[in-house]
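Enquirer: Before anything else, here's the structure in question.
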Amino acid sequence: MNSEVIIISGPTAAGKSQKALSLAKEIDAEIISCDSIQVYRNMDIGSAKPSQAELLEVPHHLINVCDANIQFNVGDYILYAKKALKEIQKKGKRTIVVGGSGFYLKAWFSAVTDEIEIPSNIKTEVEKLAQKENVMLAKLLELDPNAAKIIDIQNPRRIRPALERIMASGLSLSELKNKFSSLPCPMGDFQKTFIMQDLQDPELFERAKHRIDKMLAQGLIAETRKLLELGIERNASASSAIGYRETISAIKSGNFENLSEEIYKNTVALIKKQRKFFKNALFKTS
RNA sequence: GGCUGGGUAGCUCAGUUGGUAGAGCAGAGGACUGAAAAUCCUUGUGUCGGCGGUUCAAACCCGCCCUUAGCCA
């Protein structure tokens, strides 16, 4: 059993997939994707998914595992990835993890979720509170007056899970944080080799630009139309993926004039955000 | 040549009845326990096209000029 895992990451368009593919062939490895959009079926062009041929050349895991209208999250990722890792190891093959989704990637190094189960009655109760503005926050501060010291209470995305966890566990956020910080890496213990695949700015931005124009030429708009029919808008994360969200709004407004530029602008922002995450958060254990 | 809109932060533009200017985007930095290609926070002195004039006070009023888009000749 080979317990080494090679992890390749870096910003979008830096050539991670190609690198992983050639390395996998070289050392007879299988690939576990670490991409929050490539998990969805039918999101092929816009997520720069490996081609059908490439997917057959080397076994890829965590690609096409979820319908685009259903939301996937890190918790799901961990479950699937652990299973894939076990399968690969059982075959006696080596594992390459590739992708630029920082939060998912972090799961290969440290805990990113706790084990608190949120009972459905608490979920529905919080759901009710969420209807009215600021009620969730008020409730959170009532149950834990020090909440603002632990989470960003100005970020609505943080309030809800925090409240659910407090209600489900009866603990304060600082107690929860303490417990959380001692949790082990969910993927298990194994030797890791981390490879950062990045390029110099002018070159990477150029590549990103070309890739976007290629995506449009390959039919990104048609792909997005199909995804709309499949109900992608019911999935907030899939429908706000770069490339798709701009295309969706272009389809709705009927104005495709600045589509390429819009996608490019947001792609550049993504590249910068990814680099920041790698620099500041990936290896940080809170 | 005449008429009519524009000319305000790197870009797109707001600026109510005159009191020396803001938003979004971009840029920079930061956060991050289940949407993470998401979300949130911090960060804006710029000859308000130019020159004159009116006024205690003008991006806002008046004149001339420059420039740009469209229309009419």
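Residues in the structure tokens are numbered from 1 in each chain, the chains being A, B, ... in the order shown, and ligands are numbered from 1 in the order shown.
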Give the residues of chain B that lie within 6 Å of chain A; count only C-alpha atoms (C1' of nucleotides), and format the answer as a list in words.

Expert: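 Listed by rising number, the hits are U33, G34, A35, A36, A37 and C40 of chain B.
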
Enquirer: Export, as an mmCIF file, in the first residue's frame, the selected residues with C-alpha atoms (C1' of nucleotides).

Expert:
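Result file out.cif:
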data_model
loop_
_atom_site.group_PDB
_atom_site.id
_atom_site.type_symbol
_atom_site.label_atom_id
_atom_site.label_comp_id
_atom_site.auth_asym_id
_atom_site.auth_seq_id
_atom_site.Cartn_x
_atom_site.Cartn_y
_atom_site.Cartn_z
ATOM 1 C "C1'" U B 33 -16.096 25.070 9.866
ATOM 2 C "C1'" G B 34 -20.427 22.446 5.115
ATOM 3 C "C1'" A B 35 -22.410 27.884 -1.553
ATOM 4 C "C1'" A B 36 -15.542 28.450 -1.420
ATOM 5 C "C1'" A B 37 -14.964 29.898 -9.202
ATOM 6 C "C1'" C B 40 -17.489 39.307 3.935
#

Enquirer: Within 9 Å of segment 1-9 of chain B, counting only C-alpha atoms (C1' of nucleotides), which residues qualify if same-chain residues fewer than 6 places away don't, as a VMD selection string?

Expert: chain B and resid 21 44 46 48 to 49 59 67 to 73

Enquirer: Grab the atom C1' of G15 of chain B to atom CA of Asn258 of chain A distance for me, in Å with one decimal place.

Expert: 27.7 Å

Enquirer: Could you give me the residues within segment 104-183 of chain A that DSSP places in helix (DSSP H, G or I), as an MDAnalysis selection string?

Expert: chainID A and resid 104:106 120:129 135:143 147:150 156:169 173:181

Enquirer: What's around A57 of chain B at 10 Å? Count only C-alpha atoms (C1' of nucleotides), leave out sequence neighbours fewer than 3 positions away in its own chain, and write the answer as a short mmCIF file (atom, residue, chain, number, x, y, z; two decimals) with all heavy atoms, in the first residue's frame.

Expert:
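See selection-v5.cif below for the written result:
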data_model
loop_
_atom_site.label_atom_id
_atom_site.label_comp_id
_atom_site.auth_asym_id
_atom_site.auth_seq_id
_atom_site.Cartn_x
_atom_site.Cartn_y
_atom_site.Cartn_z
P G B 18 -29.41 76.61 -6.91
OP1 G B 18 -29.66 77.09 -5.53
OP2 G B 18 -28.83 77.48 -7.92
"O5'" G B 18 -28.46 75.29 -6.92
"C5'" G B 18 -27.85 74.93 -5.74
"C4'" G B 18 -26.37 75.27 -5.86
"O4'" G B 18 -26.25 76.61 -6.37
"C3'" G B 18 -25.68 75.28 -4.52
"O3'" G B 18 -25.00 74.04 -4.43
"C2'" G B 18 -24.68 76.44 -4.58
"O2'" G B 18 -23.37 75.95 -4.80
"C1'" G B 18 -25.08 77.17 -5.86
N9 G B 18 -25.26 78.63 -5.79
C8 G B 18 -26.42 79.33 -5.79
N7 G B 18 -26.25 80.63 -5.84
C5 G B 18 -24.87 80.79 -5.87
C6 G B 18 -24.08 81.96 -5.95
O6 G B 18 -24.43 83.13 -6.01
N1 G B 18 -22.74 81.66 -5.95
C2 G B 18 -22.21 80.39 -5.90
N2 G B 18 -20.89 80.30 -5.90
N3 G B 18 -22.92 79.29 -5.86
C4 G B 18 -24.25 79.56 -5.84
P G B 19 -24.86 73.34 -2.97
OP1 G B 19 -24.40 71.96 -3.21
OP2 G B 19 -26.14 73.61 -2.30
"O5'" G B 19 -23.72 74.15 -2.22
"C5'" G B 19 -22.36 73.97 -2.57
"C4'" G B 19 -21.50 74.51 -1.45
"O4'" G B 19 -21.96 75.78 -1.04
"C3'" G B 19 -21.46 73.58 -0.24
"O3'" G B 19 -20.09 73.19 -0.16
"C2'" G B 19 -21.89 74.44 0.97
"O2'" G B 19 -20.88 74.53 1.95
"C1'" G B 19 -22.06 75.84 0.36
N9 G B 19 -23.29 76.56 0.66
C8 G B 19 -24.58 76.13 0.68
N7 G B 19 -25.45 77.11 0.89
C5 G B 19 -24.64 78.24 1.02
C6 G B 19 -24.99 79.60 1.24
O6 G B 19 -26.10 80.09 1.33
N1 G B 19 -23.86 80.42 1.30
C2 G B 19 -22.58 79.97 1.15
N2 G B 19 -21.61 80.89 1.23
N3 G B 19 -22.23 78.71 0.94
C4 G B 19 -23.31 77.92 0.89
P U B 20 -19.49 72.05 0.62
OP1 U B 20 -20.22 70.80 0.36
OP2 U B 20 -19.13 72.44 1.99
"O5'" U B 20 -18.16 72.07 -0.27
"C5'" U B 20 -18.26 72.48 -1.64
"C4'" U B 20 -16.94 72.31 -2.31
"O4'" U B 20 -16.16 73.54 -2.23
"C3'" U B 20 -15.96 71.29 -1.71
"O3'" U B 20 -16.32 69.95 -1.96
"C2'" U B 20 -14.69 71.68 -2.44
"O2'" U B 20 -14.69 71.22 -3.76
"C1'" U B 20 -14.80 73.20 -2.41
N1 U B 20 -14.01 73.76 -1.30
C2 U B 20 -12.76 74.27 -1.62
O2 U B 20 -12.34 74.31 -2.76
N3 U B 20 -12.04 74.73 -0.56
C4 U B 20 -12.41 74.71 0.76
O4 U B 20 -11.65 75.16 1.61
C5 U B 20 -13.71 74.16 1.02
C6 U B 20 -14.45 73.71 0.00
#

Enquirer: Write out as a ChimeraX atom specification the set of residues from segment 40-269 of chain A that DSSP, computed on the backbone, places in strand (DSSP E).

Expert: /A:60-61,94-98,191-196

Enquirer: Please produce a file of the residues just selected, as an mmCIF file, in the first residue's frame, where the atoms kept are N, CA and C atoms.

Expert:
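In the end it all went to result_33.cif:
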data_model
loop_
_atom_site.group_PDB
_atom_site.id
_atom_site.type_symbol
_atom_site.label_atom_id
_atom_site.label_comp_id
_atom_site.auth_asym_id
_atom_site.auth_seq_id
_atom_site.Cartn_x
_atom_site.Cartn_y
_atom_site.Cartn_z
ATOM 1 N N HIS A 60 -9.965 9.308 -13.471
ATOM 2 C CA HIS A 60 -10.159 10.543 -12.706
ATOM 3 C C HIS A 60 -11.300 10.330 -11.719
ATOM 4 N N HIS A 61 -11.117 10.788 -10.528
ATOM 5 C CA HIS A 61 -12.192 10.718 -9.529
ATOM 6 C C HIS A 61 -12.666 12.124 -9.188
ATOM 7 N N ARG A 94 -0.658 4.902 -7.232
ATOM 8 C CA ARG A 94 -0.354 6.148 -6.546
ATOM 9 C C ARG A 94 -1.461 7.167 -6.820
ATOM 10 N N THR A 95 -1.518 8.171 -5.981
ATOM 11 C CA THR A 95 -2.605 9.152 -6.059
ATOM 12 C C THR A 95 -2.061 10.549 -6.350
ATOM 13 N N ILE A 96 -2.701 11.192 -7.312
ATOM 14 C CA ILE A 96 -2.386 12.599 -7.574
ATOM 15 C C ILE A 96 -3.660 13.400 -7.359
ATOM 16 N N VAL A 97 -3.593 14.397 -6.513
ATOM 17 C CA VAL A 97 -4.729 15.289 -6.295
ATOM 18 C C VAL A 97 -4.440 16.555 -7.093
ATOM 19 N N VAL A 98 -5.391 16.977 -7.934
ATOM 20 C CA VAL A 98 -5.183 18.213 -8.701
ATOM 21 C C VAL A 98 -6.375 19.114 -8.632
ATOM 22 N N GLN A 191 1.816 10.643 3.611
ATOM 23 C CA GLN A 191 2.880 11.552 3.198
ATOM 24 C C GLN A 191 2.397 12.393 2.024
ATOM 25 N N LYS A 192 2.659 13.676 2.077
ATOM 26 C CA LYS A 192 2.179 14.561 1.009
ATOM 27 C C LYS A 192 3.341 15.226 0.292
ATOM 28 N N THR A 193 3.198 15.307 -1.011
ATOM 29 C CA THR A 193 4.148 16.083 -1.796
ATOM 30 C C THR A 193 3.339 17.165 -2.484
ATOM 31 N N PHE A 194 3.637 18.412 -2.187
ATOM 32 C CA PHE A 194 2.845 19.505 -2.738
ATOM 33 C C PHE A 194 3.588 20.192 -3.880
ATOM 34 N N ILE A 195 2.900 20.292 -4.997
ATOM 35 C CA ILE A 195 3.504 20.968 -6.151
ATOM 36 C C ILE A 195 2.652 22.178 -6.518
ATOM 37 N N MET A 196 3.256 23.352 -6.505
ATOM 38 C CA MET A 196 2.531 24.561 -6.892
ATOM 39 C C MET A 196 2.772 24.835 -8.364
#

Enquirer: Please identify all polymer residues within 9 Å of segment 136-145 of chain A, counting only C-alpha atoms (C1' of nucleotides), omitting same-chain residues fewer than 5 positions from it, and present them as a count of residues only.

Expert: 15

Enquirer: I'd like the neighbourhood of Ala250 of chain A as a list of chain:residue names, where a residue qualifies if any of its atoms comes within 12 Å (using only C-alpha atoms (C1' of nucleotides)), though same-chain residues fewer than 4 positions away should be ignored.

Expert: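 Everything that qualifies: A:Leu220, A:Ile221, A:Thr224, A:Arg225, A:Gly243, A:Tyr244, A:Arg245, A:Glu246, A:Gly254, A:Asn255, A:Phe256, A:Glu257, A:Asn258, A:Leu259, A:Ser260, A:Glu261, A:Glu262, A:Ile263.
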
Enquirer: Go ahead and save the picked residues with all heavy atoms, as a compact mmCIF listing (two decimals), in the first residue's frame.

Expert:
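This is the output file part_27.txt:
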# COMPACT_ATOMS: atom_id res chain seq x y z
N LEU A 220 -19.66 27.53 -25.18
CA LEU A 220 -20.02 27.80 -23.79
C LEU A 220 -21.47 28.29 -23.65
O LEU A 220 -22.18 27.92 -22.72
CB LEU A 220 -19.06 28.84 -23.19
CG LEU A 220 -19.34 29.26 -21.75
CD1 LEU A 220 -19.26 28.07 -20.79
CD2 LEU A 220 -18.38 30.35 -21.30
N ILE A 221 -21.90 29.10 -24.62
CA ILE A 221 -23.25 29.64 -24.54
C ILE A 221 -24.30 28.54 -24.68
O ILE A 221 -25.26 28.46 -23.91
CB ILE A 221 -23.45 30.75 -25.60
CG1 ILE A 221 -22.53 31.94 -25.27
CG2 ILE A 221 -24.91 31.22 -25.63
CD1 ILE A 221 -22.42 32.97 -26.37
N THR A 224 -24.38 26.50 -21.57
CA THR A 224 -25.07 27.20 -20.49
C THR A 224 -26.59 27.16 -20.69
O THR A 224 -27.35 27.00 -19.73
CB THR A 224 -24.58 28.66 -20.40
OG1 THR A 224 -23.16 28.65 -20.26
CG2 THR A 224 -25.19 29.37 -19.21
N ARG A 225 -27.02 27.28 -21.94
CA ARG A 225 -28.46 27.19 -22.22
C ARG A 225 -29.01 25.84 -21.77
O ARG A 225 -30.07 25.74 -21.18
CB ARG A 225 -28.72 27.35 -23.73
CG ARG A 225 -28.58 28.78 -24.21
CD ARG A 225 -29.52 29.05 -25.41
NE ARG A 225 -29.71 30.49 -25.56
CZ ARG A 225 -28.97 31.26 -26.36
NH1 ARG A 225 -28.01 30.72 -27.09
NH2 ARG A 225 -29.20 32.56 -26.43
N GLY A 243 -17.67 32.28 -15.69
CA GLY A 243 -17.88 31.76 -17.03
C GLY A 243 -19.36 31.46 -17.22
O GLY A 243 -19.95 31.86 -18.22
N TYR A 244 -19.95 30.82 -16.24
CA TYR A 244 -21.37 30.50 -16.33
C TYR A 244 -22.23 31.68 -15.89
O TYR A 244 -23.23 32.00 -16.51
CB TYR A 244 -21.70 29.25 -15.50
CG TYR A 244 -21.04 28.01 -16.07
CD1 TYR A 244 -19.88 27.49 -15.52
CD2 TYR A 244 -21.58 27.39 -17.20
CE1 TYR A 244 -19.27 26.37 -16.06
CE2 TYR A 244 -20.97 26.26 -17.75
CZ TYR A 244 -19.82 25.75 -17.18
OH TYR A 244 -19.22 24.66 -17.73
N ARG A 245 -21.84 32.33 -14.78
CA ARG A 245 -22.72 33.40 -14.31
C ARG A 245 -22.79 34.55 -15.31
O ARG A 245 -23.85 35.12 -15.54
CB ARG A 245 -22.30 33.89 -12.92
CG ARG A 245 -20.94 34.53 -12.83
CD ARG A 245 -20.74 35.04 -11.40
NE ARG A 245 -19.60 35.93 -11.33
CZ ARG A 245 -18.58 35.76 -10.46
NH1 ARG A 245 -18.58 34.74 -9.65
NH2 ARG A 245 -17.60 36.61 -10.42
N GLU A 246 -21.67 34.86 -15.92
CA GLU A 246 -21.67 35.94 -16.92
C GLU A 246 -22.48 35.52 -18.14
O GLU A 246 -23.19 36.34 -18.73
CB GLU A 246 -20.24 36.28 -17.35
CG GLU A 246 -19.32 36.76 -16.24
CD GLU A 246 -18.67 35.62 -15.46
OE1 GLU A 246 -19.00 34.44 -15.75
OE2 GLU A 246 -17.85 35.89 -14.56
N GLY A 254 -29.70 39.27 -23.34
CA GLY A 254 -29.57 39.25 -24.79
C GLY A 254 -28.37 40.02 -25.29
O GLY A 254 -28.17 40.21 -26.48
N ASN A 255 -27.54 40.48 -24.36
CA ASN A 255 -26.37 41.26 -24.75
C ASN A 255 -25.09 40.44 -24.52
O ASN A 255 -24.68 40.22 -23.39
CB ASN A 255 -26.34 42.55 -23.92
CG ASN A 255 -25.10 43.39 -24.22
OD1 ASN A 255 -24.38 43.12 -25.18
ND2 ASN A 255 -24.85 44.38 -23.39
N PHE A 256 -24.49 40.03 -25.62
CA PHE A 256 -23.31 39.18 -25.51
C PHE A 256 -22.03 39.96 -25.82
O PHE A 256 -20.96 39.38 -25.91
CB PHE A 256 -23.42 38.00 -26.49
CG PHE A 256 -24.56 37.07 -26.15
CD1 PHE A 256 -25.84 37.32 -26.64
CD2 PHE A 256 -24.36 35.96 -25.35
CE1 PHE A 256 -26.90 36.48 -26.33
CE2 PHE A 256 -25.41 35.11 -25.03
CZ PHE A 256 -26.68 35.37 -25.52
N GLU A 257 -22.18 41.26 -25.97
CA GLU A 257 -21.07 42.08 -26.44
C GLU A 257 -19.82 41.99 -25.57
O GLU A 257 -18.72 41.83 -26.07
CB GLU A 257 -21.54 43.54 -26.48
CG GLU A 257 -21.16 44.25 -27.76
CD GLU A 257 -21.77 45.64 -27.77
OE1 GLU A 257 -23.03 45.74 -27.80
OE2 GLU A 257 -20.99 46.59 -27.68
N ASN A 258 -20.01 42.14 -24.26
CA ASN A 258 -18.84 42.17 -23.38
C ASN A 258 -18.61 40.87 -22.64
O ASN A 258 -17.91 40.83 -21.63
CB ASN A 258 -18.99 43.30 -22.36
CG ASN A 258 -19.18 44.64 -23.03
OD1 ASN A 258 -18.45 44.99 -23.94
ND2 ASN A 258 -20.19 45.37 -22.59
N LEU A 259 -19.21 39.81 -23.13
CA LEU A 259 -19.15 38.55 -22.40
C LEU A 259 -17.72 38.09 -22.13
O LEU A 259 -17.35 37.79 -21.00
CB LEU A 259 -19.94 37.48 -23.16
CG LEU A 259 -20.04 36.11 -22.49
CD1 LEU A 259 -20.56 36.23 -21.07
CD2 LEU A 259 -20.94 35.19 -23.31
N SER A 260 -16.94 38.06 -23.17
CA SER A 260 -15.56 37.60 -23.02
C SER A 260 -14.79 38.46 -22.02
O SER A 260 -14.08 37.96 -21.15
CB SER A 260 -14.87 37.61 -24.38
OG SER A 260 -13.50 37.30 -24.24
N GLU A 261 -14.97 39.78 -22.13
CA GLU A 261 -14.27 40.69 -21.22
C GLU A 261 -14.71 40.49 -19.77
O GLU A 261 -13.91 40.53 -18.85
CB GLU A 261 -14.52 42.15 -21.61
CG GLU A 261 -13.76 42.62 -22.84
CD GLU A 261 -14.39 42.16 -24.15
OE1 GLU A 261 -15.48 41.54 -24.11
OE2 GLU A 261 -13.79 42.39 -25.20
N GLU A 262 -16.02 40.32 -19.59
CA GLU A 262 -16.54 40.12 -18.25
C GLU A 262 -15.96 38.85 -17.62
O GLU A 262 -15.56 38.84 -16.46
CB GLU A 262 -18.08 40.00 -18.29
CG GLU A 262 -18.79 41.34 -18.40
CD GLU A 262 -18.58 42.19 -17.17
OE1 GLU A 262 -18.86 41.71 -16.06
OE2 GLU A 262 -18.10 43.33 -17.30
N ILE A 263 -15.95 37.80 -18.39
CA ILE A 263 -15.42 36.54 -17.87
C ILE A 263 -13.93 36.70 -17.55
O ILE A 263 -13.45 36.25 -16.51
CB ILE A 263 -15.63 35.38 -18.88
CG1 ILE A 263 -17.13 35.12 -19.08
CG2 ILE A 263 -14.96 34.11 -18.38
CD1 ILE A 263 -17.45 34.11 -20.17
